[in-house]
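Next comes upload21.txt, with compact mmCIF, C-alpha atoms.
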```txt
# COMPACT_ATOMS: atom_id res chain seq x y z
CA MET A 26 29.96 -98.65 43.35
CA LEU A 27 29.20 -101.93 41.54
CA TYR A 28 30.40 -100.30 38.31
CA TYR A 29 33.93 -99.97 39.71
CA TRP A 30 33.98 -103.48 41.22
CA LEU A 31 33.02 -105.04 37.88
CA LYS A 32 35.38 -102.99 35.74
CA PHE A 33 38.51 -105.11 36.21
CA PRO A 34 36.79 -108.54 35.97
CA ILE A 35 35.03 -107.45 32.76
CA ARG A 36 38.33 -106.24 31.33
CA MET A 37 39.86 -109.65 32.11
CA GLY A 38 36.81 -111.25 30.54
CA PHE A 39 37.42 -109.43 27.26
CA ILE A 40 41.10 -110.34 27.31
CA THR A 41 40.17 -114.00 27.75
CA TYR A 42 37.24 -114.11 25.34
CA CYS A 43 39.22 -112.32 22.63
CA ARG A 44 42.57 -113.47 21.31
CA LYS A 45 43.58 -109.88 20.58
CA VAL A 46 42.14 -106.55 21.74
CA PHE A 47 43.23 -103.54 19.69
CA MET A 48 42.59 -100.21 21.44
CA VAL A 49 43.14 -97.40 18.95
CA GLY A 50 42.91 -93.65 19.44
CA GLU A 51 42.52 -93.48 23.21
CA ASP A 52 45.56 -91.19 23.50
CA GLU A 53 43.87 -88.68 21.18
CA LEU A 54 40.61 -88.34 23.13
CA PRO A 55 39.61 -84.72 23.90
CA LYS A 56 40.71 -83.42 27.29
CA ASP A 57 38.73 -81.16 29.64
CA VAL A 58 35.52 -81.38 27.61
CA PRO A 59 32.42 -83.58 28.14
CA ILE A 60 32.36 -86.54 25.76
CA VAL A 61 29.48 -88.42 24.17
CA TYR A 62 30.82 -91.71 22.81
CA ALA A 63 28.73 -92.75 19.79
CA SER A 64 29.22 -96.42 18.96
CA ASN A 65 28.03 -98.90 16.40
CA HIS A 66 26.20 -101.93 17.83
CA PRO A 67 27.33 -105.39 16.56
CA THR A 68 26.44 -107.31 19.76
CA ALA A 69 23.78 -107.05 22.44
CA PHE A 70 25.60 -106.01 25.64
CA LEU A 71 29.34 -106.18 24.93
CA ASP A 72 29.41 -102.90 22.99
CA PRO A 73 28.55 -100.49 25.82
CA ILE A 74 30.61 -102.25 28.48
CA LEU A 75 33.70 -102.55 26.25
CA PRO A 76 34.75 -98.85 26.40
CA ALA A 77 33.66 -98.66 30.04
CA ALA A 78 35.96 -101.55 30.95
CA PHE A 79 39.05 -99.90 29.47
CA LEU A 80 38.52 -96.15 29.84
CA ASP A 81 39.92 -94.44 32.93
CA LYS A 82 37.05 -91.97 33.26
CA ALA A 83 33.72 -93.56 34.14
CA VAL A 84 30.86 -93.48 31.65
CA TRP A 85 27.11 -93.88 31.81
CA PHE A 86 25.21 -95.46 28.96
CA ALA A 87 21.71 -95.74 27.60
CA LEU A 88 19.86 -99.05 27.77
CA ARG A 89 16.51 -100.14 26.39
CA GLY A 90 13.76 -98.85 28.63
CA ASP A 91 11.99 -102.20 28.97
CA SER A 92 15.08 -103.54 30.80
CA PHE A 93 14.07 -101.38 33.80
CA SER A 94 10.93 -103.42 34.40
CA SER A 95 11.24 -103.89 38.18
CA LYS A 96 12.64 -102.06 41.19
CA THR A 97 15.41 -104.65 41.50
CA ALA A 98 16.38 -104.20 37.85
CA LYS A 99 16.31 -100.41 38.20
CA PHE A 100 18.56 -100.54 41.27
CA PHE A 101 21.08 -102.92 39.70
CA LEU A 102 21.20 -101.10 36.35
CA ASN A 103 21.62 -97.76 38.11
CA GLN A 104 24.59 -99.21 40.01
CA VAL A 105 26.29 -100.08 36.73
CA HIS A 106 25.61 -96.63 35.24
CA CYS A 107 22.67 -97.41 32.96
CA VAL A 108 19.80 -95.04 32.18
CA PRO A 109 16.55 -96.02 30.42
CA PHE A 110 16.01 -94.95 26.84
CA PHE A 111 12.62 -95.59 25.24
CA ARG A 112 11.89 -95.97 21.53
CA PHE A 113 8.82 -95.31 19.39
CA GLY A 114 7.89 -98.98 19.57
CA ASP A 115 7.61 -98.74 23.35
CA GLY A 116 4.53 -96.49 23.09
CA PHE A 117 3.80 -92.82 23.67
CA GLN A 118 3.59 -93.09 27.46
CA SER A 119 7.03 -94.67 27.61
CA LEU A 120 8.48 -92.05 25.29
CA ARG A 121 7.40 -89.33 27.71
CA GLN A 122 9.76 -90.82 30.27
CA ASN A 123 12.72 -89.92 28.03
CA ALA A 124 12.41 -86.31 29.21
CA ALA A 125 13.68 -87.34 32.65
CA THR A 126 16.47 -89.39 31.05
CA PHE A 127 17.59 -86.44 28.90
CA LYS A 128 17.57 -84.14 31.92
CA PHE A 129 19.75 -86.61 33.83
CA ILE A 130 22.21 -86.98 30.94
CA TYR A 131 22.49 -83.22 30.47
CA LYS A 132 23.31 -82.76 34.14
CA LEU A 133 25.75 -85.68 33.98
CA LEU A 134 27.72 -84.14 31.12
CA ALA A 135 27.67 -80.67 32.65
CA GLY A 136 29.05 -82.00 35.94
CA GLY A 137 32.32 -83.07 34.35
CA LYS A 138 32.82 -86.26 36.41
CA PHE A 139 31.34 -88.67 33.86
CA ASN A 140 31.02 -89.11 30.12
CA PHE A 141 28.15 -90.74 28.24
CA LEU A 142 27.97 -93.56 25.71
CA ILE A 143 25.14 -94.26 23.28
CA MET A 144 24.61 -96.93 20.64
CA ALA A 145 24.25 -94.52 17.72
CA GLU A 146 22.56 -97.00 15.36
CA GLY A 147 19.71 -97.52 17.79
CA ARG A 148 19.60 -101.30 17.39
CA HIS A 149 22.06 -104.16 17.32
CA GLY A 150 22.99 -106.29 14.32
CA TYR A 151 25.42 -109.19 13.92
CA ARG A 152 26.25 -108.44 10.28
CA LYS A 153 29.37 -106.48 9.37
CA LYS A 154 27.39 -103.51 8.16
CA LEU A 155 26.89 -100.04 9.62
CA LYS A 156 23.21 -99.28 10.03
CA PRO A 157 21.78 -95.74 9.62
CA ILE A 158 22.80 -93.48 12.48
CA GLN A 159 19.91 -92.09 14.53
CA LYS A 160 19.58 -88.44 15.56
CA GLY A 161 19.56 -89.21 19.29
CA THR A 162 23.31 -88.69 19.69
CA ALA A 163 23.26 -85.20 18.19
CA ASN A 164 20.08 -84.27 20.08
CA ILE A 165 21.66 -85.24 23.40
CA ALA A 166 24.86 -83.33 22.69
CA PHE A 167 23.08 -80.17 21.58
CA GLY A 168 20.57 -80.47 24.41
CA ALA A 169 23.25 -80.61 27.12
CA TRP A 170 25.27 -77.86 25.42
CA LYS A 171 22.26 -75.51 25.30
CA LYS A 172 20.70 -76.43 28.66
CA HIS A 173 23.86 -75.82 30.68
CA LYS A 174 25.47 -73.21 28.39
CA LEU A 175 28.60 -75.33 27.95
CA ASP A 176 31.55 -74.13 25.92
CA ASP A 177 31.69 -77.40 23.99
CA ILE A 178 30.74 -81.08 23.91
CA ALA A 179 32.74 -83.63 21.92
CA ILE A 180 31.01 -86.48 20.12
CA VAL A 181 33.57 -89.26 19.68
CA PRO A 182 32.66 -91.82 16.97
CA THR A 183 33.50 -95.18 18.55
CA ALA A 184 34.01 -97.98 16.03
CA ILE A 185 33.76 -101.56 17.33
CA ASN A 186 34.87 -104.39 15.03
CA PHE A 187 34.89 -108.09 15.91
CA THR A 188 36.36 -110.63 13.55
CA ASP A 189 33.40 -112.75 14.68
CA SER A 190 31.80 -111.91 18.02
CA HIS A 191 30.03 -115.29 18.02
CA GLN A 192 33.34 -117.15 18.08
CA PHE A 193 35.45 -117.57 21.22
CA ARG A 194 38.94 -116.07 20.82
CA SER A 195 38.03 -113.72 17.99
CA TRP A 196 39.91 -110.46 17.44
CA LEU A 197 38.40 -107.20 18.61
CA THR A 198 39.23 -103.62 17.64
CA LEU A 199 37.91 -100.57 19.49
CA LYS A 200 38.80 -97.35 17.68
CA TYR A 201 38.09 -93.83 18.89
CA VAL A 202 37.78 -91.64 15.81
CA ASP A 203 38.48 -87.89 15.64
CA ALA A 204 35.88 -86.01 17.68
CA ILE A 205 33.03 -83.88 16.34
CA HIS A 206 32.89 -80.65 18.35
CA ILE A 207 29.46 -79.16 18.96
CA LYS A 208 30.90 -75.64 19.19
CA ASP A 209 31.74 -75.88 15.49
CA TYR A 210 28.01 -76.14 14.74
CA ALA A 211 26.88 -73.42 17.17
CA GLY A 212 26.08 -70.89 14.44
CA LEU A 213 24.09 -73.38 12.39
CA TYR A 214 22.20 -74.50 15.50
CA GLU A 215 21.19 -70.93 16.32
CA GLU A 216 19.87 -70.53 12.76
CA ASP A 217 18.15 -73.91 12.45
CA PRO A 218 18.47 -76.60 15.18
CA ARG A 219 17.04 -79.28 12.91
CA LYS A 220 19.68 -78.70 10.22
CA ALA A 221 22.44 -78.69 12.83
CA VAL A 222 21.29 -82.04 14.21
CA GLU A 223 21.12 -83.49 10.70
CA ALA A 224 24.59 -82.16 9.85
CA VAL A 225 26.17 -83.67 12.97
CA THR A 226 24.36 -86.97 12.41
CA GLU A 227 25.60 -87.14 8.81
CA GLU A 228 29.17 -86.35 9.90
CA LEU A 229 28.99 -88.99 12.63
CA GLU A 230 27.76 -91.62 10.16
CA GLU A 231 30.50 -90.73 7.67
CA ARG A 232 33.26 -91.04 10.28
CA LEU A 233 31.95 -94.33 11.63
CA ARG A 234 31.49 -95.70 8.11
CA LYS A 235 35.19 -95.12 7.38
CA ASN A 236 36.22 -97.08 10.46
CA VAL A 237 33.79 -100.02 10.47
CA VAL A 238 34.16 -103.12 8.30
CA HIS A 239 31.08 -102.60 6.13
CA ILE A 240 29.86 -105.31 3.74
CA GLU A 241 27.17 -103.72 1.60
CA TYR A 242 25.43 -106.80 0.20
CA ASP A 243 24.22 -109.77 2.24
CA ALA A 244 25.14 -112.29 -0.46
CA ASP A 245 28.76 -111.12 -0.41
CA GLU A 246 29.27 -111.56 3.32
CA PRO A 247 30.41 -115.23 3.44
CA TYR A 248 33.00 -114.55 0.73
CA VAL A 249 34.22 -111.28 2.24
CA ASN A 250 34.51 -112.91 5.65
CA GLN A 251 36.70 -115.61 4.12
CA LEU A 252 38.85 -112.98 2.40
CA LEU A 253 39.25 -111.29 5.79
CA ASP A 254 40.28 -114.64 7.30
CA ILE A 255 42.84 -115.15 4.54
CA GLU A 256 44.32 -111.69 5.16
CA ARG A 257 44.27 -112.27 8.91
CA ASN A 258 46.06 -115.60 8.59
CA ASN A 259 48.97 -113.76 7.02
CA ALA A 260 49.51 -111.81 10.22
CA ARG A 261 52.02 -113.23 12.68
CA MET A 262 50.69 -111.57 15.80
CA PRO A 263 52.65 -112.31 19.00
CA VAL A 264 50.68 -113.70 21.93
CA PHE A 265 51.65 -110.74 24.11
CA PRO A 266 50.70 -108.05 24.62
CA VAL A 267 47.07 -109.10 24.39
CA VAL A 268 45.99 -105.44 24.32
CA SER A 269 47.65 -103.50 21.51
CA LYS A 270 47.36 -100.08 19.86
CA ASP A 271 48.04 -101.46 16.39
CA SER A 272 45.42 -100.43 13.81
CA SER A 273 47.05 -101.96 10.71
CA MET A 274 44.81 -105.03 10.58
CA LEU A 275 41.63 -102.97 10.85
CA LYS A 276 42.78 -100.79 7.95
CA LYS A 277 43.41 -103.88 5.81
CA GLU A 278 40.00 -105.37 6.63
CA ILE A 279 38.15 -102.13 5.88
CA ARG A 280 40.04 -101.88 2.58
CA ILE A 281 39.08 -105.43 1.56
CA ALA A 282 35.39 -104.86 2.31
CA ASP A 283 35.36 -101.54 0.47
CA VAL A 284 37.10 -103.01 -2.60
CA VAL A 285 34.52 -105.81 -2.83
CA ASN A 286 31.66 -103.32 -2.32
CA SER A 287 32.87 -101.27 -5.31
CA MET A 288 33.66 -104.24 -7.57
CA ASP A 289 31.99 -104.76 -10.91
CA GLN A 290 29.49 -107.62 -10.58
CA THR A 291 31.26 -109.68 -13.24
CA ASP A 292 34.64 -109.33 -11.52
CA LYS A 293 33.03 -110.13 -8.19
CA GLU A 294 31.39 -113.32 -9.44
CA GLU A 295 34.65 -114.41 -11.05
CA MET A 296 36.50 -113.90 -7.76
CA PHE A 297 33.83 -115.79 -5.81
CA GLU A 298 34.06 -118.72 -8.26
CA LEU A 299 37.82 -118.76 -7.74
CA MET A 300 37.24 -118.77 -3.99
CA ASP A 301 34.86 -121.74 -4.30
CA ALA A 302 37.55 -123.60 -6.25
CA TYR A 303 40.09 -122.71 -3.55
CA ASN A 304 37.78 -124.04 -0.84
CA ALA A 305 37.19 -127.23 -2.79
CA GLY A 306 40.95 -127.73 -3.14
CA LEU A 307 41.48 -127.21 0.60
CA GLU A 308 38.70 -129.63 1.47
CA LYS A 309 39.85 -132.27 -1.00
CA ASN A 310 43.37 -132.26 0.43
CA LYS A 311 42.26 -131.79 4.06
CA LEU A 312 44.19 -128.54 4.34
CA SER A 313 43.41 -125.14 5.83
CA ASP A 314 44.23 -121.63 4.72
CA LEU A 315 46.12 -121.09 7.97
CA GLY A 316 48.56 -123.84 7.06
CA LEU A 317 49.24 -122.34 3.63
CA ALA A 318 49.66 -118.87 5.16
CA GLN A 319 52.14 -119.98 7.83
CA PRO A 320 53.82 -123.21 6.65
CA ASN A 321 56.98 -122.52 8.68
CA ARG A 322 55.04 -123.05 11.93
CA TYR A 323 55.90 -126.74 11.50
CA ASN A 324 59.48 -126.81 12.74
CA LEU A 325 61.65 -128.49 15.35
CA PHE A 326 61.50 -125.62 17.82
CA ASN A 327 57.69 -125.51 17.92
CA SER A 328 57.53 -129.31 18.09
CA ILE A 329 59.76 -129.32 21.18
CA LEU A 330 57.84 -126.41 22.68
CA LEU A 331 54.54 -128.25 22.30
CA LEU A 332 56.01 -131.42 23.76
CA LEU A 333 57.33 -129.58 26.82
CA GLY A 334 54.04 -127.78 27.36
CA LEU A 335 51.81 -130.82 26.96
CA VAL A 336 51.45 -131.70 30.67
CA PRO A 337 50.57 -128.18 31.93
CA TYR A 338 48.22 -127.85 28.95
CA LEU A 339 46.36 -131.04 29.87
CA VAL A 340 46.10 -129.94 33.51
CA GLY A 341 44.95 -126.44 32.61
CA TYR A 342 42.47 -127.72 30.04
CA ALA A 343 41.00 -130.46 32.23
CA LEU A 344 40.51 -128.26 35.29
CA ASN A 345 39.10 -125.26 33.40
CA TRP A 346 37.01 -127.06 30.79
CA PRO A 347 33.83 -127.69 32.91
CA PRO A 348 32.91 -124.03 33.65
CA PHE A 349 33.57 -122.99 30.04
CA LYS A 350 31.31 -125.80 28.85
CA ILE A 351 28.60 -124.78 31.30
CA CYS A 352 28.76 -121.15 30.11
CA TYR A 353 28.48 -122.18 26.48
CA LYS A 354 25.55 -124.52 27.09
CA LEU A 355 23.63 -121.98 29.18
CA ALA A 356 24.31 -119.10 26.78
CA ASP A 357 23.23 -121.11 23.74
CA ARG A 358 20.05 -122.13 25.53
CA MET A 359 19.23 -118.62 26.77
CA ALA A 360 20.10 -116.62 23.64
CA ASN A 361 17.27 -116.13 21.16
CA LYS A 362 19.46 -114.15 18.72
CA ILE A 363 23.06 -114.61 17.65
CA GLU A 364 23.91 -111.10 18.90
CA PHE A 365 23.27 -112.28 22.48
CA HIS A 366 25.58 -115.30 22.48
CA ALA A 367 28.87 -113.52 23.17
CA SER A 368 27.28 -111.21 25.74
CA LEU A 369 25.77 -114.09 27.69
CA ARG A 370 28.93 -116.20 27.51
CA LEU A 371 31.01 -113.37 28.94
CA ALA A 372 28.45 -112.47 31.60
CA LEU A 373 28.04 -116.08 32.73
CA GLY A 374 31.79 -116.60 32.70
CA LEU A 375 32.30 -113.75 35.17
CA PHE A 376 30.32 -115.71 37.75
CA VAL A 377 30.57 -119.39 36.82
CA ILE A 378 34.35 -119.60 36.36
CA PRO A 379 35.33 -117.93 39.70
CA ALA A 380 32.65 -120.03 41.44
CA TRP A 381 34.24 -123.16 39.96
CA TRP A 382 37.67 -122.15 41.25
CA VAL A 383 36.25 -121.52 44.72
CA LEU A 384 34.53 -124.91 44.62
CA LEU A 385 37.80 -126.66 43.74
CA LEU A 386 39.66 -124.76 46.48
CA THR A 387 37.01 -125.67 49.06
CA GLY A 388 37.14 -129.32 48.02
CA ALA A 389 40.94 -129.40 48.29
CA LEU A 390 40.90 -127.83 51.76
CA ILE A 391 38.16 -130.15 53.04
CA ALA A 392 40.08 -133.14 51.73
CA GLY A 393 43.13 -131.93 53.64
CA ALA A 394 45.16 -131.59 50.44
CA GLY A 395 46.89 -128.38 51.49
CA TRP A 396 49.57 -128.39 48.85
CA TRP A 397 47.07 -129.28 46.13
CA SER A 398 45.01 -126.24 47.08
CA LEU A 399 47.86 -124.08 45.79
CA LEU A 400 47.14 -125.49 42.34
CA VAL A 401 43.76 -123.75 42.41
CA PHE A 402 45.47 -120.36 42.60
CA ALA A 403 47.37 -121.28 39.45
CA LEU A 404 44.21 -122.23 37.54
CA PRO A 405 43.70 -118.84 35.81
CA PHE A 406 47.28 -118.95 34.52
CA LEU A 407 47.05 -122.62 33.55
CA GLY A 408 43.77 -121.95 31.79
CA TYR A 409 45.22 -119.10 29.77
CA PHE A 410 48.28 -121.21 29.01
CA ALA A 411 45.98 -123.95 27.73
CA LEU A 412 44.30 -121.46 25.36
CA THR A 413 47.59 -120.21 23.90
CA PHE A 414 48.98 -123.76 23.71
CA GLN A 415 45.92 -124.93 21.79
CA GLU A 416 46.23 -122.03 19.35
CA LEU A 417 49.91 -122.78 18.77
CA PHE A 418 49.04 -126.44 18.21
CA GLU A 419 46.39 -125.48 15.65
CA LYS A 420 48.97 -123.48 13.68
CA TRP A 421 51.58 -126.23 14.00
CA ASN A 422 49.14 -128.93 12.92
CA ALA A 423 47.83 -126.89 9.97
CA ALA A 424 51.42 -126.33 8.81
CA ARG A 425 52.23 -130.03 9.34
CA LYS A 426 49.44 -131.04 6.98
CA VAL A 427 50.84 -128.71 4.33
CA ALA A 428 54.35 -130.14 4.83
CA TRP A 429 53.01 -133.67 4.38
CA THR A 430 51.12 -132.80 1.17
CA ASP A 431 52.84 -132.96 -2.21
CA LYS A 432 54.46 -129.67 -3.21
CA LYS A 433 52.66 -129.44 -6.55
CA THR A 434 49.27 -129.35 -4.83
CA THR A 435 50.27 -126.83 -2.17
CA HIS A 436 51.98 -124.62 -4.76
CA LYS A 437 48.83 -124.56 -6.90
CA LEU A 438 46.66 -123.62 -3.91
CA THR A 439 49.14 -120.97 -2.79
CA LEU A 440 48.98 -119.36 -6.23
CA ILE A 441 45.17 -119.25 -6.06
CA ARG A 442 45.44 -117.75 -2.59
CA GLU A 443 47.80 -115.03 -3.81
CA ASP A 444 45.49 -114.35 -6.75
CA LEU A 445 42.53 -113.83 -4.39
CA LEU A 446 44.43 -111.39 -2.20
CA GLY A 447 45.76 -109.59 -5.27
CA ARG A 448 42.19 -108.89 -6.41
CA VAL A 449 41.40 -106.91 -3.26
CA GLU A 450 44.56 -104.86 -3.17
CA ASP A 451 44.18 -101.13 -3.77
```
Any chance you could put this one into structure tokens?
Amino acid sequence: MLYYWLKFPIRMGFITYCRKVFMVGEDELPKDVPIVYASNHPTAFLDPILPAAFLDKAVWFALRGDSFSSKTAKFFLNQVHCVPFFRFGDGFQSLRQNAATFKFIYKLLAGGKFNFLIMAEGRHGYRKKLKPIQKGTANIAFGAWKKHKLDDIAIVPTAINFTDSHQFRSWLTLKYVDAIHIKDYAGLYEEDPRKAVEAVTEELEERLRKNVVHIEYDADEPYVNQLLDIERNNARMPVFPVVSKDSSMLKKEIRIADVVNSMDQTDKEEMFELMDAYNAGLEKNKLSDLGLAQPNRYNLFNSILLLLGLVPYLVGYALNWPPFKICYKLADRMANKIEFHASLRLALGLFVIPAWWVLLLTGALIAGAGWWSLLVFALPFLGYFALTFQELFEKWNAARKVAWTDKKTTHKLTLIREDLLGRVED
């Protein structure tokens, strides 16, 4: 029951934490067949709850076995549709418990009421790089198919891409890729189960690899991330709708990463040197790439709009700032790895922010400020307005700095910028 109560608040949490949420491929999901969602794993806890928050049909998902360390933890995790999954590092005795987990998952898929989600890489990683896909996904699908003599099971590669999960108001894309149908491997499985599992695992890795921003070399990542930012700054995405089905930006980002991965080392070093020069020019003139990408943001209309929205922005910011600050401080203190920061911020926000609103409402009612208590009900909207106002101001201010810089300098930097993007075009 707790799963269904948390679904809407978590969805709102994603919409607030992320500036844009792109949901791609949901309309093409297989119908009337059990689904195993196989996802990459860029964060600690956001990845499994992301599809669950937006999908209509409920899912269960695997979680590290050591999370079920007490009866209270087991009860809570069961309520939110988690099952324990043990790894080789957990010891032989723990691994034996996986038999009960597999049996439960098989029955779950055969029942038809739920689907299942697994982190196919087996471990999380903050880097934009797909890790080797483990055989667990294929083993589960074949196991359920054989145990309950099902006609088919669909494995849906589920690609999750954050622009930067560590940063508040990043962009997020969740893409459901064309399904792998177990029935298509039935003959191979009857001949050799091991080869069938390997074939499905290889196909799953190939499909995820084509839909995940994958930076092959660690040393390239800072430069590729900046190239992605430059490409992203070109996009004039409207504020609404926050949730979109547009996949164009993901395609561009995958293309950029793949072009850099395949570049000759000499060409790559030359491009990185040009990027260093570009950064030095921006820093010297106190400019940003965003301002060069969208110089027309500095105009009379936006100036008037910002002036008119200043008062509600200040109110929304001032009254919503304390719980956000608390969440950030607590998350940064509790997280021992960067992959946990976003997960903890979102989880804490689901409790701290509503508690703050209730506290303000209680204080207003006790003080007898009846009319002022109505302001509390407007706090979520004022808070979101403050976020969008601040983002508009950042664009306006970045464009203002460009407008106030001599044209020769901005023209030179713009040419370098265009040169950089030209090097990663197909």
Subject >> Using only C-alpha atoms: which of A:Lys350, A:Arg89, A:Lys172, A:Arg280 has the shortest distance to His149 of chain A >> reply: A:Arg89
Subject >> Residue nearest Met296 of chain A - candidates A:Ile441, A:Ile130, A:Ala221, A:Ile329, atoms counted: only C-alpha atoms >> reply: A:Ile441
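Residues lying within 6 Å of segment 59-62 of chain A, counting only C-alpha atoms and ignoring same-chain neighbours fewer than 4 positions away, are A:Leu134, A:Asn140, A:Phe141, A:Leu142, A:Ile178, A:Ala179, A:Ile180, A:Val181.
Checking A:Ser368, A:Gln122, A:Asn259, A:Asn345 one by one against Asp72 of chain A, counting only C-alpha atoms, you find the shortest gap at A:Ser368.
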Original post:
Excluding same-chain residues fewer than 4 positions from Leu446 of chain A, what lies within 12 Å of it counting only C-alpha atoms, as a PyMOL selection string?
Top reply: chain A and resi 249+251-259+277-278+280-281+284-285+296+299-300+318+439-442+450-451
Subject >> Surrounding residues of Asn321 of chain A excluding itself and chain neighbours under 2 positions, 10 Å, only C-alpha atoms, as a PyMOL selection string >> reply: chain A and resi 316-319+323-324+327+420-421+424-425+427-428
Original post:
What's the 10 Å shell around Ala77 of chain A, counting only C-alpha atoms, without same-chain residues fewer than 3 positions away, as a PyMOL selection string?
Top reply: chain A and resi 28-29+32+35-36+72-74+80-86+106+140-142
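Proximity of A:Phe100, A:Glu231, A:Phe326, A:Val58 to Lys208 of chain A, computed with all atoms listed in the file, is greatest for A:Val58.
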**OP:** Have a look at A:Val264, A:Phe111, A:Thr434, A:Leu371 and name the one nearest to Phe70 of chain A; count all atoms listed in the file.
**Re:** A:Leu371
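Each of A:Thr198, A:Asn310, A:Asn250, A:Thr162 was checked against Leu275 of chain A using all atoms listed in the file; the smallest atom-to-atom distance is that of A:Thr198.
Taking atom CA of Gly147 of chain A and atom CA of His66 of chain A as the two end points, the separation is 7.8 Å.
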Subject >> Atomic distance atom CA of Phe376 of chain A - atom CA of Val105 of chain A, expressed in Å with one decimal >> reply: 16.2 Å
Original post:
What does the distance from atom CA of Glu146 of chain A to atom CA of Lys96 of chain A come to in Å, to one decimal?
Top reply: 28.1 Å
What's the 8 Å shell around Leu54 of chain A, counting only C-alpha atoms, without same-chain residues fewer than 4 positions away, as a compact mmCIF listing (two decimals) with C-alpha atoms, in the frame of the given file?
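Saved the output as selection_24.txt:
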```
# COMPACT_ATOMS: atom_id res chain seq x y z
CA GLY A 50 42.91 -93.65 19.44
CA VAL A 181 33.57 -89.26 19.68
CA TYR A 201 38.09 -93.83 18.89
CA ASP A 203 38.48 -87.89 15.64
CA ALA A 204 35.88 -86.01 17.68
```
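Close to (39.9, -113.1, 23.9), meaning no more than 10 Å away when counting all atoms listed in the file, sit the residues Met37, Gly38, Phe39, Ile40, Thr41, Tyr42, Cys43, Arg44, Lys45, Val46, Gln192, Phe193, Arg194, Ser195, Trp196, Leu197, Val267, Val268, Tyr409 and Leu412 of chain A.
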**OP:** Anything within 12 Å of (33.7, -75.9, 23.7): list those residues as a ChimeraX atom specification, counting all atoms listed in the file and sticking to the file's coordinates.
**Re:** /A:55-60,135,166-167,169-171,174-180,204-211
Could you add N, CA and C atoms to segment 201-212 of chain A and give me the result as a PDB file, keeping the file's coordinate frame?
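Final output, saved to out_19.pdb:
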```pdb
ATOM      1  N   TYR A 201      38.669 -95.145  18.657  1.00  0.00           N
ATOM      2  CA  TYR A 201      38.090 -93.830  18.890  1.00  0.00           C
ATOM      3  C   TYR A 201      38.505 -92.914  17.744  1.00  0.00           C
ATOM      4  N   VAL A 202      37.524 -92.450  16.995  1.00  0.00           N
ATOM      5  CA  VAL A 202      37.780 -91.640  15.810  1.00  0.00           C
ATOM      6  C   VAL A 202      37.825 -90.159  16.225  1.00  0.00           C
ATOM      7  N   ASP A 203      38.402 -89.326  15.365  1.00  0.00           N
ATOM      8  CA  ASP A 203      38.480 -87.890  15.640  1.00  0.00           C
ATOM      9  C   ASP A 203      37.124 -87.333  16.043  1.00  0.00           C
ATOM     10  N   ALA A 204      37.120 -86.505  17.087  1.00  0.00           N
ATOM     11  CA  ALA A 204      35.880 -86.010  17.680  1.00  0.00           C
ATOM     12  C   ALA A 204      35.181 -84.976  16.802  1.00  0.00           C
ATOM     13  N   ILE A 205      33.864 -84.938  16.926  1.00  0.00           N
ATOM     14  CA  ILE A 205      33.030 -83.880  16.340  1.00  0.00           C
ATOM     15  C   ILE A 205      32.720 -82.897  17.465  1.00  0.00           C
ATOM     16  N   HIS A 206      33.078 -81.642  17.297  1.00  0.00           N
ATOM     17  CA  HIS A 206      32.890 -80.650  18.350  1.00  0.00           C
ATOM     18  C   HIS A 206      31.623 -79.841  18.095  1.00  0.00           C
ATOM     19  N   ILE A 207      30.735 -79.840  19.091  1.00  0.00           N
ATOM     20  CA  ILE A 207      29.460 -79.160  18.960  1.00  0.00           C
ATOM     21  C   ILE A 207      29.636 -77.652  18.757  1.00  0.00           C
ATOM     22  N   LYS A 208      30.688 -77.082  19.337  1.00  0.00           N
ATOM     23  CA  LYS A 208      30.900 -75.640  19.190  1.00  0.00           C
ATOM     24  C   LYS A 208      31.081 -75.239  17.730  1.00  0.00           C
ATOM     25  N   ASP A 209      31.556 -76.176  16.908  1.00  0.00           N
ATOM     26  CA  ASP A 209      31.740 -75.880  15.490  1.00  0.00           C
ATOM     27  C   ASP A 209      30.420 -75.749  14.740  1.00  0.00           C
ATOM     28  N   TYR A 210      29.330 -76.202  15.357  1.00  0.00           N
ATOM     29  CA  TYR A 210      28.010 -76.140  14.740  1.00  0.00           C
ATOM     30  C   TYR A 210      27.095 -75.160  15.468  1.00  0.00           C
ATOM     31  N   ALA A 211      27.685 -74.339  16.358  1.00  0.00           N
ATOM     32  CA  ALA A 211      26.880 -73.420  17.170  1.00  0.00           C
ATOM     33  C   ALA A 211      26.100 -72.440  16.302  1.00  0.00           C
ATOM     34  N   GLY A 212      26.768 -71.850  15.299  1.00  0.00           N
ATOM     35  CA  GLY A 212      26.080 -70.890  14.440  1.00  0.00           C
ATOM     36  C   GLY A 212      24.934 -71.507  13.686  1.00  0.00           C
TER      37      GLY A 212
END
```
